[in-house]
Amino acid sequence: MTTDGNSGIDSTGADRVSLSDSLTRAADTAASRREQEIRTELANNPQALQALDRLTANLNCYALTDEQQMQALDDFMAAPNAATAAHVEGRIAQDLGVDPAAAHSLVSPDAGTLTIDGRTYTIDNGALLDADGQRAGTIANNGVVQLDGEEQARNVYTDLGARVQLREAINGELTTLLDLHPADRRGRLDDANVNQDFADRVKDTLVRARQEGMAMQMDLVYRTFAHQDQLYAQGRTAPGARVTNARGGQSWHNYGLGADVVFSTANGQPSWPENGNWTRYGEIAESQGLTWGGRWRSPDRPHVEYHPGFGAGDAGGFVNTHNRDGLEGVWDRMGIGQQP
Ligand SMILES: [Zn+2]
């Protein structure tokens, strides 16, 4: 099933105008104000803005109340990406009774794959098919997964181990709306040497990045003093280019309070794209209380760290505590110990 036809939800025919430009041009409505807020918040995520453009252009096909527009915008903002935009559009068409088949098609992905808990399913019009082609559950374009026999629904955004590719036939062409890879394949955030409070904030950052359609994954997290000294020697007393100005104990990585997050390629490999949404990633990390290295004089865009009440350069002051009382001693002294 495609979105072809005269249903009013054709995805490419509509002019790319926003709600505030059209339905509510003259009026200062709650929805137009909300849309403006969202545009400001997503200013550094071009893909999310593009999805919003598509959604608001298509919403023009319907005469929606201010309240319905608000609901659509809120639903979109839960996970602002192209798949959610299709889902919201389909739900509105369903609610209004517009072309039920086309509306259903937008609510559920037409094709794609899902790997969750090590099992891979093929997607066929919202149904999850196992390796034998047997129906095993459903998936919707809002990222909700319901496996047969499971009481609790799952979510491709909050399940950091999920690999998901959602595809939708738009005007006869299969388009990928969402493409996420596992975010912490090696379980680096679950390392006992990583502070739990910090790890939770990084995980929340990854979840929000996934919701915004940004495929990211963990690179280095915890690094021992010895490993840090080894890196420091590189380009100084050892061959190679200089990679760090921090000796053992001078980096928050050495205390389980620093992490590097990078983007995933189409194949799921780590990458450092020049034109990636680094600024948006940094904003999300900062909203979780993390310090982002992208703002430093020599920017370190993948890097985030956590040291409430201390500065980025204060790590070296914890060497003695570390050598005497270990990581737990450092965290306790900082007031972010593992036990509340
Ligand atoms: Zn780092």
# chains A, B, ... in the order shown; residues from 1 in each chain; ligands from 1
call {"tool": "closest_atom_pairs", "arguments": {"of": "chain A", "to": "ligand 1", "cutoff": "10 Å", "atoms": "only C-alpha atoms and all ligand atoms", "output": "JSON lines"}}
result
{"residue": "A:Asp219", "atom": "CA", "partner": "ligand 1", "partner_atom_place_in_ligand_line": "1 (Zn)", "distance": 8.8}
{"residue": "A:Leu220", "atom": "CA", "partner": "ligand 1", "partner_atom_place_in_ligand_line": "1 (Zn)", "distance": 7.0}
{"residue": "A:Val221", "atom": "CA", "partner": "ligand 1", "partner_atom_place_in_ligand_line": "1 (Zn)", "distance": 7.4}
{"residue": "A:Tyr222", "atom": "CA", "partner": "ligand 1", "partner_atom_place_in_ligand_line": "1 (Zn)", "distance": 9.4}
{"residue": "A:Arg223", "atom": "CA", "partner": "ligand 1", "partner_atom_place_in_ligand_line": "1 (Zn)", "distance": 9.6}
{"residue": "A:Thr244", "atom": "CA", "partner": "ligand 1", "partner_atom_place_in_ligand_line": "1 (Zn)", "distance": 9.4}
{"residue": "A:Ser251", "atom": "CA", "partner": "ligand 1", "partner_atom_place_in_ligand_line": "1 (Zn)", "distance": 8.1}
{"residue": "A:Trp252", "atom": "CA", "partner": "ligand 1", "partner_atom_place_in_ligand_line": "1 (Zn)", "distance": 8.0}
{"residue": "A:His253", "atom": "CA", "partner": "ligand 1", "partner_atom_place_in_ligand_line": "1 (Zn)", "distance": 6.5}
{"residue": "A:Leu257", "atom": "CA", "partner": "ligand 1", "partner_atom_place_in_ligand_line": "1 (Zn)", "distance": 9.7}
{"residue": "A:Gly258", "atom": "CA", "partner": "ligand 1", "partner_atom_place_in_ligand_line": "1 (Zn)", "distance": 5.9}
{"residue": "A:Ala259", "atom": "CA", "partner": "ligand 1", "partner_atom_place_in_ligand_line": "1 (Zn)", "distance": 5.2}
{"residue": "A:Asp260", "atom": "CA", "partner": "ligand 1", "partner_atom_place_in_ligand_line": "1 (Zn)", "distance": 4.7}
{"residue": "A:Val261", "atom": "CA", "partner": "ligand 1", "partner_atom_place_in_ligand_line": "1 (Zn)", "distance": 8.3}
{"residue": "A:Trp292", "atom": "CA", "partner": "ligand 1", "partner_atom_place_in_ligand_line": "1 (Zn)", "distance": 9.6}
{"residue": "A:Gly293", "atom": "CA", "partner": "ligand 1", "partner_atom_place_in_ligand_line": "1 (Zn)", "distance": 7.8}
{"residue": "A:Asp300", "atom": "CA", "partner": "ligand 1", "partner_atom_place_in_ligand_line": "1 (Zn)", "distance": 7.2}
{"residue": "A:Arg301", "atom": "CA", "partner": "ligand 1", "partner_atom_place_in_ligand_line": "1 (Zn)", "distance": 8.7}
{"residue": "A:Pro302", "atom": "CA", "partner": "ligand 1", "partner_atom_place_in_ligand_line": "1 (Zn)", "distance": 6.7}
{"residue": "A:His303", "atom": "CA", "partner": "ligand 1", "partner_atom_place_in_ligand_line": "1 (Zn)", "distance": 4.2}
{"residue": "A:Val304", "atom": "CA", "partner": "ligand 1", "partner_atom_place_in_ligand_line": "1 (Zn)", "distance": 6.5}
{"residue": "A:Glu305", "atom": "CA", "partner": "ligand 1", "partner_atom_place_in_ligand_line": "1 (Zn)", "distance": 7.8}
call {"tool": "select_by_dssp", "arguments": {"residues": "region 27-133 of chain A", "states": "helix (DSSP H, G or I)", "output": "PyMOL selection string"}}
result
chain A and resi 30-41+46-59+66-78+82-96+100-107
call {"tool": "closest_residue", "arguments": {"among": "A:Arg167, A:Arg39, A:Arg201, A:Arg185", "to": "Ala285 (chain A)", "atoms": "only C-alpha atoms"}}
result
A:Arg201
call {"tool": "closest_residue", "arguments": {"among": "A:Trp296, A:Tyr157, A:Tyr62, A:Tyr121", "to": "Met216 (chain A)", "atoms": "only C-alpha atoms"}}
result
A:Tyr157
call {"tool": "atom_distance", "arguments": {"atom1": "CA of Leu290 (chain A)", "atom2": "CA of Tyr232 (chain A)"}}
result
24.5 Å
call {"tool": "closest_residue", "arguments": {"among": "A:Asn45, A:Ser32, A:Ser105, A:Thr122", "to": "Tyr281 (chain A)", "atoms": "only C-alpha atoms"}}
result
A:Asn45
call {"tool": "closest_residue", "arguments": {"among": "A:Gly313, A:Gly213, A:Gly326, A:Pro308", "to": "Gly289 (chain A)", "atoms": "only C-alpha atoms"}}
result
A:Pro308
call {"tool": "decode", "arguments": {"residues": "region 116-137 of chain A", "atoms": "N, CA and C atoms", "output": "PDB file, in the first residue's frame"}}
result
ATOM      1  N   ILE A 116      16.026  -6.913  17.453  1.00  0.00           N
ATOM      2  CA  ILE A 116      15.834  -6.597  18.860  1.00  0.00           C
ATOM      3  C   ILE A 116      16.128  -7.861  19.671  1.00  0.00           C
ATOM      4  N   ASP A 117      16.896  -7.736  20.751  1.00  0.00           N
ATOM      5  CA  ASP A 117      17.311  -8.899  21.542  1.00  0.00           C
ATOM      6  C   ASP A 117      17.958  -9.973  20.664  1.00  0.00           C
ATOM      7  N   GLY A 118      18.698  -9.563  19.657  1.00  0.00           N
ATOM      8  CA  GLY A 118      19.421 -10.513  18.824  1.00  0.00           C
ATOM      9  C   GLY A 118      18.567 -11.230  17.780  1.00  0.00           C
ATOM     10  N   ARG A 119      17.267 -10.923  17.724  1.00  0.00           N
ATOM     11  CA  ARG A 119      16.417 -11.548  16.700  1.00  0.00           C
ATOM     12  C   ARG A 119      16.049 -10.514  15.638  1.00  0.00           C
ATOM     13  N   THR A 120      16.146 -10.941  14.374  1.00  0.00           N
ATOM     14  CA  THR A 120      15.885 -10.025  13.270  1.00  0.00           C
ATOM     15  C   THR A 120      14.536 -10.345  12.622  1.00  0.00           C
ATOM     16  N   TYR A 121      13.749  -9.308  12.409  1.00  0.00           N
ATOM     17  CA  TYR A 121      12.448  -9.450  11.768  1.00  0.00           C
ATOM     18  C   TYR A 121      12.411  -8.607  10.498  1.00  0.00           C
ATOM     19  N   THR A 122      11.652  -9.084   9.529  1.00  0.00           N
ATOM     20  CA  THR A 122      11.387  -8.303   8.326  1.00  0.00           C
ATOM     21  C   THR A 122      10.043  -7.621   8.515  1.00  0.00           C
ATOM     22  N   ILE A 123       9.956  -6.386   8.048  1.00  0.00           N
ATOM     23  CA  ILE A 123       8.708  -5.638   8.200  1.00  0.00           C
ATOM     24  C   ILE A 123       7.911  -5.714   6.901  1.00  0.00           C
ATOM     25  N   ASP A 124       6.633  -6.064   7.052  1.00  0.00           N
ATOM     26  CA  ASP A 124       5.738  -6.116   5.893  1.00  0.00           C
ATOM     27  C   ASP A 124       4.420  -5.450   6.269  1.00  0.00           C
ATOM     28  N   ASN A 125       4.234  -4.232   5.819  1.00  0.00           N
ATOM     29  CA  ASN A 125       3.022  -3.469   6.133  1.00  0.00           C
ATOM     30  C   ASN A 125       2.686  -3.466   7.617  1.00  0.00           C
ATOM     31  N   GLY A 126       3.674  -3.176   8.440  1.00  0.00           N
ATOM     32  CA  GLY A 126       3.455  -3.056   9.872  1.00  0.00           C
ATOM     33  C   GLY A 126       3.563  -4.364  10.634  1.00  0.00           C
ATOM     34  N   ALA A 127       3.620  -5.494   9.909  1.00  0.00           N
ATOM     35  CA  ALA A 127       3.771  -6.791  10.577  1.00  0.00           C
ATOM     36  C   ALA A 127       5.254  -7.150  10.656  1.00  0.00           C
ATOM     37  N   LEU A 128       5.647  -7.758  11.792  1.00  0.00           N
ATOM     38  CA  LEU A 128       7.013  -8.256  11.946  1.00  0.00           C
ATOM     39  C   LEU A 128       7.018  -9.734  11.591  1.00  0.00           C
ATOM     40  N   LEU A 129       7.859 -10.104  10.630  1.00  0.00           N
ATOM     41  CA  LEU A 129       7.938 -11.496  10.202  1.00  0.00           C
ATOM     42  C   LEU A 129       9.275 -12.073  10.644  1.00  0.00           C
ATOM     43  N   ASP A 130       9.236 -13.269  11.279  1.00  0.00           N
ATOM     44  CA  ASP A 130      10.482 -13.886  11.731  1.00  0.00           C
ATOM     45  C   ASP A 130      11.195 -14.555  10.549  1.00  0.00           C
ATOM     46  N   ALA A 131      12.312 -15.244  10.867  1.00  0.00           N
ATOM     47  CA  ALA A 131      13.149 -15.827   9.808  1.00  0.00           C
ATOM     48  C   ALA A 131      12.366 -16.820   8.953  1.00  0.00           C
ATOM     49  N   ASP A 132      11.315 -17.437   9.528  1.00  0.00           N
ATOM     50  CA  ASP A 132      10.508 -18.408   8.766  1.00  0.00           C
ATOM     51  C   ASP A 132       9.339 -17.737   8.049  1.00  0.00           C
ATOM     52  N   GLY A 133       9.281 -16.414   8.131  1.00  0.00           N
ATOM     53  CA  GLY A 133       8.180 -15.709   7.482  1.00  0.00           C
ATOM     54  C   GLY A 133       6.895 -15.717   8.297  1.00  0.00           C
ATOM     55  N   GLN A 134       6.996 -16.169   9.560  1.00  0.00           N
ATOM     56  CA  GLN A 134       5.814 -16.202  10.427  1.00  0.00           C
ATOM     57  C   GLN A 134       5.624 -14.862  11.117  1.00  0.00           C
ATOM     58  N   ARG A 135       4.367 -14.437  11.254  1.00  0.00           N
ATOM     59  CA  ARG A 135       4.054 -13.181  11.927  1.00  0.00           C
ATOM     60  C   ARG A 135       4.437 -13.264  13.401  1.00  0.00           C
ATOM     61  N   ALA A 136       5.211 -12.294  13.882  1.00  0.00           N
ATOM     62  CA  ALA A 136       5.698 -12.351  15.268  1.00  0.00           C
ATOM     63  C   ALA A 136       5.329 -11.104  16.059  1.00  0.00           C
ATOM     64  N   GLY A 137       4.640 -10.150  15.423  1.00  0.00           N
ATOM     65  CA  GLY A 137       4.274  -8.926  16.125  1.00  0.00           C
ATOM     66  C   GLY A 137       4.042  -7.790  15.152  1.00  0.00           C
TER      67      GLY A 137
END
